[in-house]
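Asker: I am sharing query08.pdb, which consists of PDB, N, CA and C atoms:
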```pdb
ATOM      1  N   MET N   4      98.416 119.592  76.782
ATOM      2  CA  MET N   4      98.268 120.457  77.948
ATOM      3  C   MET N   4      96.871 120.262  78.549
ATOM      4  N   TRP N   5      96.828 120.227  79.848
ATOM      5  CA  TRP N   5      95.578 120.046  80.574
ATOM      6  C   TRP N   5      95.023 121.400  81.014
ATOM      7  N   THR N   6      93.711 121.532  80.978
ATOM      8  CA  THR N   6      93.041 122.786  81.328
ATOM      9  C   THR N   6      92.004 122.536  82.415
ATOM     10  N   VAL N   7      91.967 123.411  83.405
ATOM     11  CA  VAL N   7      90.984 123.301  84.483
ATOM     12  C   VAL N   7      89.615 123.719  83.948
ATOM     13  N   ILE N   8      88.612 122.875  84.169
ATOM     14  CA  ILE N   8      87.257 123.225  83.740
ATOM     15  C   ILE N   8      86.313 123.446  84.916
ATOM     16  N   TYR N   9      86.724 122.982  86.102
ATOM     17  CA  TYR N   9      85.837 123.108  87.250
ATOM     18  C   TYR N   9      86.637 122.896  88.520
ATOM     19  N   ILE N  10      86.277 123.588  89.580
ATOM     20  CA  ILE N  10      86.866 123.353  90.895
ATOM     21  C   ILE N  10      85.763 122.827  91.804
ATOM     22  N   ALA N  11      85.916 121.582  92.194
ATOM     23  CA  ALA N  11      84.899 120.918  93.017
ATOM     24  C   ALA N  11      85.196 121.148  94.494
ATOM     25  N   PRO N  12      84.142 121.345  95.295
ATOM     26  CA  PRO N  12      84.334 121.612  96.717
ATOM     27  C   PRO N  12      84.649 120.374  97.559
ATOM     28  N   THR N  13      84.389 119.189  97.021
ATOM     29  CA  THR N  13      84.692 117.957  97.760
ATOM     30  C   THR N  13      85.211 116.893  96.804
ATOM     31  N   ALA N  14      85.910 115.909  97.362
ATOM     32  CA  ALA N  14      86.423 114.801  96.554
ATOM     33  C   ALA N  14      85.271 113.989  95.963
ATOM     34  N   LYS N  15      84.205 113.837  96.716
ATOM     35  CA  LYS N  15      83.059 113.053  96.239
ATOM     36  C   LYS N  15      82.433 113.687  94.997
ATOM     37  N   ILE N  16      82.262 114.997  95.024
ATOM     38  CA  ILE N  16      81.694 115.691  93.863
ATOM     39  C   ILE N  16      82.658 115.600  92.681
ATOM     40  N   ALA N  17      83.944 115.778  92.939
ATOM     41  CA  ALA N  17      84.941 115.686  91.871
ATOM     42  C   ALA N  17      84.910 114.306  91.217
ATOM     43  N   GLU N  18      84.844 113.262  92.015
ATOM     44  CA  GLU N  18      84.792 111.894  91.480
ATOM     45  C   GLU N  18      83.520 111.655  90.673
ATOM     46  N   ARG N  19      82.415 112.186  91.151
ATOM     47  CA  ARG N  19      81.142 112.019  90.445
ATOM     48  C   ARG N  19      81.201 112.689  89.064
ATOM     49  N   ILE N  20      81.741 113.904  89.014
ATOM     50  CA  ILE N  20      81.854 114.620  87.741
ATOM     51  C   ILE N  20      82.828 113.888  86.818
ATOM     52  N   LYS N  21      83.957 113.436  87.369
ATOM     53  CA  LYS N  21      84.924 112.693  86.558
ATOM     54  C   LYS N  21      84.281 111.454  85.952
ATOM     55  N   GLN N  22      83.523 110.726  86.752
ATOM     56  CA  GLN N  22      82.873 109.509  86.270
ATOM     57  C   GLN N  22      81.917 109.811  85.125
ATOM     58  N   ARG N  23      81.099 110.847  85.301
ATOM     59  CA  ARG N  23      80.126 111.201  84.255
ATOM     60  C   ARG N  23      80.816 111.625  82.964
ATOM     61  N   LEU N  24      81.873 112.432  83.070
ATOM     62  CA  LEU N  24      82.597 112.878  81.879
ATOM     63  C   LEU N  24      83.332 111.721  81.206
ATOM     64  N   THR N  25      83.873 110.812  82.013
ATOM     65  CA  THR N  25      84.548 109.642  81.463
ATOM     66  C   THR N  25      83.556 108.760  80.708
ATOM     67  N   GLU N  26      82.347 108.612  81.243
ATOM     68  CA  GLU N  26      81.302 107.837  80.562
ATOM     69  C   GLU N  26      80.953 108.444  79.211
ATOM     70  N   GLU N  27      81.125 109.766  79.084
ATOM     71  CA  GLU N  27      80.864 110.458  77.816
ATOM     72  C   GLU N  27      82.053 110.363  76.858
ATOM     73  N   GLY N  28      83.143 109.730  77.304
ATOM     74  CA  GLY N  28      84.283 109.493  76.435
ATOM     75  C   GLY N  28      85.421 110.494  76.545
ATOM     76  N   PHE N  29      85.419 111.325  77.580
ATOM     77  CA  PHE N  29      86.469 112.327  77.744
ATOM     78  C   PHE N  29      87.570 111.824  78.671
ATOM     79  N   LEU N  30      88.790 112.301  78.431
ATOM     80  CA  LEU N  30      89.894 112.072  79.362
ATOM     81  C   LEU N  30      89.772 113.103  80.471
ATOM     82  N   VAL N  31      89.810 112.659  81.711
ATOM     83  CA  VAL N  31      89.609 113.564  82.843
ATOM     84  C   VAL N  31      90.586 113.201  83.952
ATOM     85  N   GLN N  32      91.145 114.217  84.595
ATOM     86  CA  GLN N  32      91.984 114.013  85.776
ATOM     87  C   GLN N  32      91.476 114.907  86.896
ATOM     88  N   ILE N  33      91.762 114.487  88.115
ATOM     89  CA  ILE N  33      91.430 115.297  89.293
ATOM     90  C   ILE N  33      92.733 115.609  90.010
ATOM     91  N   ARG N  34      92.885 116.880  90.388
ATOM     92  CA  ARG N  34      94.076 117.289  91.153
ATOM     93  C   ARG N  34      93.628 118.029  92.407
ATOM     94  N   GLY N  35      94.138 117.611  93.540
ATOM     95  CA  GLY N  35      93.865 118.333  94.776
ATOM     96  C   GLY N  35      94.631 119.644  94.761
ATOM     97  N   ILE N  36      93.949 120.756  95.057
ATOM     98  CA  ILE N  36      94.643 122.040  95.008
ATOM     99  C   ILE N  36      94.837 122.667  96.371
ATOM    100  N   SER N  37      94.038 122.259  97.332
ATOM    101  CA  SER N  37      94.181 122.844  98.656
ATOM    102  C   SER N  37      93.651 121.875  99.691
ATOM    103  N   LEU N  38      94.558 121.268 100.409
ATOM    104  CA  LEU N  38      94.115 120.321 101.430
ATOM    105  C   LEU N  38      93.386 121.033 102.566
ATOM    106  N   SER N  39      93.787 122.258 102.862
ATOM    107  CA  SER N  39      93.120 122.979 103.953
ATOM    108  C   SER N  39      91.694 123.376 103.569
ATOM    109  N   LYS N  40      91.485 123.670 102.269
ATOM    110  CA  LYS N  40      90.139 124.026 101.812
ATOM    111  C   LYS N  40      89.420 122.836 101.188
ATOM    112  N   ASN N  41      90.167 121.738 100.995
ATOM    113  CA  ASN N  41      89.578 120.523 100.434
ATOM    114  C   ASN N  41      88.945 120.786  99.074
ATOM    115  N   GLN N  42      89.688 121.404  98.158
ATOM    116  CA  GLN N  42      89.185 121.694  96.820
ATOM    117  C   GLN N  42      89.944 120.866  95.788
ATOM    118  N   PHE N  43      89.264 120.558  94.691
ATOM    119  CA  PHE N  43      89.829 119.684  93.669
ATOM    120  C   PHE N  43      89.571 120.248  92.284
ATOM    121  N   GLU N  44      90.648 120.350  91.476
ATOM    122  CA  GLU N  44      90.504 120.786  90.088
ATOM    123  C   GLU N  44      90.126 119.592  89.229
ATOM    124  N   ILE N  45      89.202 119.809  88.329
ATOM    125  CA  ILE N  45      88.887 118.818  87.314
ATOM    126  C   ILE N  45      89.502 119.352  86.036
ATOM    127  N   VAL N  46      90.408 118.559  85.457
ATOM    128  CA  VAL N  46      91.140 119.012  84.281
ATOM    129  C   VAL N  46      90.925 118.058  83.110
ATOM    130  N   VAL N  47      90.932 118.642  81.897
ATOM    131  CA  VAL N  47      90.762 117.878  80.663
ATOM    132  C   VAL N  47      91.776 118.400  79.646
ATOM    133  N   PRO N  48      92.043 117.629  78.587
ATOM    134  CA  PRO N  48      92.939 118.124  77.543
ATOM    135  C   PRO N  48      92.396 119.422  76.937
ATOM    136  N   ALA N  49      93.297 120.351  76.643
ATOM    137  CA  ALA N  49      92.891 121.677  76.147
ATOM    138  C   ALA N  49      92.016 121.588  74.895
ATOM    139  N   GLY N  50      92.247 120.622  74.041
ATOM    140  CA  GLY N  50      91.478 120.482  72.807
ATOM    141  C   GLY N  50      90.035 120.055  73.011
ATOM    142  N   GLU N  51      89.692 119.590  74.193
ATOM    143  CA  GLU N  51      88.334 119.098  74.455
ATOM    144  C   GLU N  51      87.515 120.046  75.330
ATOM    145  N   VAL N  52      88.068 121.199  75.685
ATOM    146  CA  VAL N  52      87.422 122.082  76.655
ATOM    147  C   VAL N  52      86.006 122.473  76.245
ATOM    148  N   GLU N  53      85.810 122.904  75.002
ATOM    149  CA  GLU N  53      84.480 123.366  74.590
ATOM    150  C   GLU N  53      83.448 122.244  74.663
ATOM    151  N   GLU N  54      83.802 121.065  74.169
ATOM    152  CA  GLU N  54      82.876 119.936  74.218
ATOM    153  C   GLU N  54      82.564 119.541  75.662
ATOM    154  N   VAL N  55      83.596 119.508  76.482
ATOM    155  CA  VAL N  55      83.417 119.113  77.879
ATOM    156  C   VAL N  55      82.537 120.122  78.609
ATOM    157  N   GLN N  56      82.727 121.420  78.337
ATOM    158  CA  GLN N  56      81.925 122.454  79.001
ATOM    159  C   GLN N  56      80.432 122.226  78.767
ATOM    160  N   GLU N  57      80.061 121.866  77.540
ATOM    161  CA  GLU N  57      78.650 121.615  77.234
ATOM    162  C   GLU N  57      78.112 120.455  78.074
ATOM    163  N   VAL N  58      78.872 119.372  78.130
ATOM    164  CA  VAL N  58      78.438 118.209  78.902
ATOM    165  C   VAL N  58      78.434 118.542  80.398
ATOM    166  N   LEU N  59      79.459 119.245  80.863
ATOM    167  CA  LEU N  59      79.549 119.622  82.270
ATOM    168  C   LEU N  59      78.353 120.481  82.677
ATOM    169  N   ASN N  60      77.971 121.429  81.833
ATOM    170  CA  ASN N  60      76.811 122.262  82.150
ATOM    171  C   ASN N  60      75.550 121.418  82.329
ATOM    172  N   SER N  61      75.363 120.413  81.493
ATOM    173  CA  SER N  61      74.178 119.560  81.646
ATOM    174  C   SER N  61      74.257 118.727  82.921
ATOM    175  N   ILE N  62      75.472 118.309  83.307
ATOM    176  CA  ILE N  62      75.640 117.539  84.536
ATOM    177  C   ILE N  62      75.324 118.409  85.755
ATOM    178  N   LEU N  63      75.850 119.626  85.760
ATOM    179  CA  LEU N  63      75.708 120.499  86.927
ATOM    180  C   LEU N  63      74.300 121.057  87.086
ATOM    181  N   HIS N  64      73.543 121.144  86.004
ATOM    182  CA  HIS N  64      72.218 121.751  86.058
ATOM    183  C   HIS N  64      71.093 120.733  86.054
ATOM    184  N   ARG N  65      71.380 119.523  86.514
ATOM    185  CA  ARG N  65      70.335 118.494  86.620
ATOM    186  C   ARG N  65      69.697 118.535  87.968
TER     187      ARG N  65
END
```
Please go through the file and, once you have read it, give me the structure as structure tokens.

Answerer:
Amino acid sequence: MWTVIYIAPTAKIAERIKQRLTEEGFLVQIRGISLSKNQFEIVVPAGEVEEVQEVLNSILHR
């Protein structure tokens, strides 16, 4: 099962986060959730959520 860990405001930001998480060895998918609002869910396997959150926090707070 996939779990949403972040909602990115643009495709560019979503791709950047996906790339960084993939480089860290995580499986990551991006799903468009609203074309009118142009928002994208970043999802990872449920078993990796805690580990991914730690890495995501370091990515977002740089």

Asker: Taking into account all atoms listed in the file, which residue in the set N:Gln22, N:Ile8, N:Ala17, N:Lys40 is nearest to Gln56 (chain N)?

Answerer: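 Looking at the shortest contact to Gln56 (chain N), the residue is N:Ile8.
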
Asker: Quick one: everything within 12 Å of Leu63 (chain N), counting only C-alpha atoms, minus sequence neighbours fewer than 6 positions away in the same chain. Send it as a list in words.

Answerer: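 Surrounding residues, per the criterion: Tyr9, Ala11, Ile16, Ala17, Arg19, Ile20, Arg23, Leu24, Val55, Gln56 and Glu57 of chain N.
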
Asker: Excluding region 27-37 of chain N and its own-chain neighbours fewer than 6 positions away, which residues fall within 5 Å of it when counting all atoms listed in the file? Please give them as a list in words.

Answerer: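 Near neighbours after the sequence-gap exclusion: Phe43, Glu44, Ile45, Val46 and Val47 of chain N.
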
Asker: Return as a PyMOL selection string the full set of residues in region 16-63 of chain N whose backbone-based DSSP assignment is helix (DSSP H, G or I).

Answerer: chain N and resi 16-26+49-63

Asker: Please report the interatomic distance between atom N of Trp5 (chain N) and atom N of Glu53 (chain N) in Å with one decimal.

Answerer: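 Separating atom N of Trp5 (chain N) from atom N of Glu53 (chain N) is a distance of 12.3 Å.
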
Asker: If you run DSSP on this backbone, which residues of chain N come out as strand (DSSP E), and could you give them as a list in words?

Answerer: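 Strand (DSSP E) members of chain N, listed: Trp5, Thr6, Val7, Ile8, Tyr9, Ile10, Ala11, Gln32, Ile33, Arg34, Gly35, Ile36, Ser37, Gln42, Phe43, Glu44, Ile45, Val46, Val47 and Pro48 of chain N.
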
Asker: Please give the centre and size of the box around region 4-23 of chain N (axis-aligned, containing every atom listed in the file, 6 Å added per side), with values in Å to one decimal and written as lines of an AutoDock Vina configuration file.

Answerer:
```
center_x = 89.3
center_y = 116.6
center_z = 87.3
size_x = 30.3
size_y = 26.2
size_z = 33.0
```

Asker: For the atom pair CA of Ile62 (chain N) and CA of Ser39 (chain N), what is the interatomic distance in Å to one decimal place?

Answerer: 26.7 Å

Asker: What is the atom C of Asn41 (chain N) to CA of Thr6 (chain N) distance in Å?

Answerer: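 Spanning atom C of Asn41 (chain N) to CA of Thr6 (chain N) is a straight-line distance of 18.3 Å.
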
Asker: Please rebuild region 43-54 of chain N with all heavy atoms and give the result as a CSV table (one decimal), keeping the file's coordinate frame.

Answerer:
```csv
chain,number,residue,atom,x,y,z
N,43,PHE,N,89.3,120.6,94.7
N,43,PHE,CA,89.8,119.7,93.7
N,43,PHE,C,89.6,120.2,92.3
N,43,PHE,O,88.4,120.6,92.0
N,43,PHE,CB,89.2,118.3,93.8
N,43,PHE,CG,89.5,117.7,95.1
N,43,PHE,CD1,88.6,117.9,96.2
N,43,PHE,CD2,90.6,116.8,95.3
N,43,PHE,CE1,88.9,117.4,97.4
N,43,PHE,CE2,90.8,116.3,96.6
N,43,PHE,CZ,90.0,116.5,97.6
N,44,GLU,N,90.6,120.4,91.5
N,44,GLU,CA,90.5,120.8,90.1
N,44,GLU,C,90.1,119.6,89.2
N,44,GLU,O,90.7,118.5,89.4
N,44,GLU,CB,91.8,121.3,89.5
N,44,GLU,CG,92.3,122.6,90.2
N,44,GLU,CD,93.6,123.1,89.6
N,44,GLU,OE1,94.4,122.2,89.2
N,44,GLU,OE2,93.9,124.3,89.7
N,45,ILE,N,89.2,119.8,88.3
N,45,ILE,CA,88.9,118.8,87.3
N,45,ILE,C,89.5,119.4,86.0
N,45,ILE,O,89.2,120.5,85.6
N,45,ILE,CB,87.4,118.6,87.2
N,45,ILE,CG1,86.8,118.1,88.5
N,45,ILE,CG2,87.1,117.7,86.0
N,45,ILE,CD1,85.3,118.0,88.6
N,46,VAL,N,90.4,118.6,85.5
N,46,VAL,CA,91.1,119.0,84.3
N,46,VAL,C,90.9,118.1,83.1
N,46,VAL,O,90.7,116.9,83.3
N,46,VAL,CB,92.6,119.2,84.6
N,46,VAL,CG1,92.9,120.3,85.6
N,46,VAL,CG2,93.3,117.9,85.1
N,47,VAL,N,90.9,118.6,81.9
N,47,VAL,CA,90.8,117.9,80.7
N,47,VAL,C,91.8,118.4,79.6
N,47,VAL,O,92.3,119.5,79.8
N,47,VAL,CB,89.3,118.0,80.1
N,47,VAL,CG1,88.3,117.5,81.1
N,47,VAL,CG2,89.0,119.4,79.7
N,48,PRO,N,92.0,117.6,78.6
N,48,PRO,CA,92.9,118.1,77.5
N,48,PRO,C,92.4,119.4,76.9
N,48,PRO,O,91.2,119.6,76.7
N,48,PRO,CB,92.9,117.0,76.5
N,48,PRO,CG,92.6,115.8,77.3
N,48,PRO,CD,91.6,116.2,78.3
N,49,ALA,N,93.3,120.4,76.6
N,49,ALA,CA,92.9,121.7,76.1
N,49,ALA,C,92.0,121.6,74.9
N,49,ALA,O,91.1,122.4,74.7
N,49,ALA,CB,94.1,122.5,75.9
N,50,GLY,N,92.2,120.6,74.0
N,50,GLY,CA,91.5,120.5,72.8
N,50,GLY,C,90.0,120.1,73.0
N,50,GLY,O,89.2,120.1,72.1
N,51,GLU,N,89.7,119.6,74.2
N,51,GLU,CA,88.3,119.1,74.5
N,51,GLU,C,87.5,120.0,75.3
N,51,GLU,O,86.4,119.7,75.7
N,51,GLU,CB,88.4,117.7,75.1
N,51,GLU,CG,89.0,116.6,74.3
N,51,GLU,CD,89.0,115.3,74.9
N,51,GLU,OE1,88.6,115.2,76.1
N,51,GLU,OE2,89.3,114.3,74.2
N,52,VAL,N,88.1,121.2,75.7
N,52,VAL,CA,87.4,122.1,76.7
N,52,VAL,C,86.0,122.5,76.2
N,52,VAL,O,85.1,122.4,77.1
N,52,VAL,CB,88.3,123.3,76.9
N,52,VAL,CG1,87.5,124.4,77.7
N,52,VAL,CG2,89.6,123.0,77.6
N,53,GLU,N,85.8,122.9,75.0
N,53,GLU,CA,84.5,123.4,74.6
N,53,GLU,C,83.4,122.2,74.7
N,53,GLU,O,82.3,122.4,75.2
N,53,GLU,CB,84.5,124.0,73.2
N,53,GLU,CG,85.2,125.3,73.2
N,53,GLU,CD,85.2,125.9,71.8
N,53,GLU,OE1,84.3,125.6,71.0
N,53,GLU,OE2,86.1,126.7,71.5
N,54,GLU,N,83.8,121.1,74.2
N,54,GLU,CA,82.9,119.9,74.2
N,54,GLU,C,82.6,119.5,75.7
N,54,GLU,O,81.4,119.3,76.0
N,54,GLU,CB,83.5,118.7,73.5
N,54,GLU,CG,83.6,118.9,72.0
N,54,GLU,CD,84.3,117.7,71.4
N,54,GLU,OE1,83.8,116.6,71.5
N,54,GLU,OE2,85.4,117.9,70.8
```
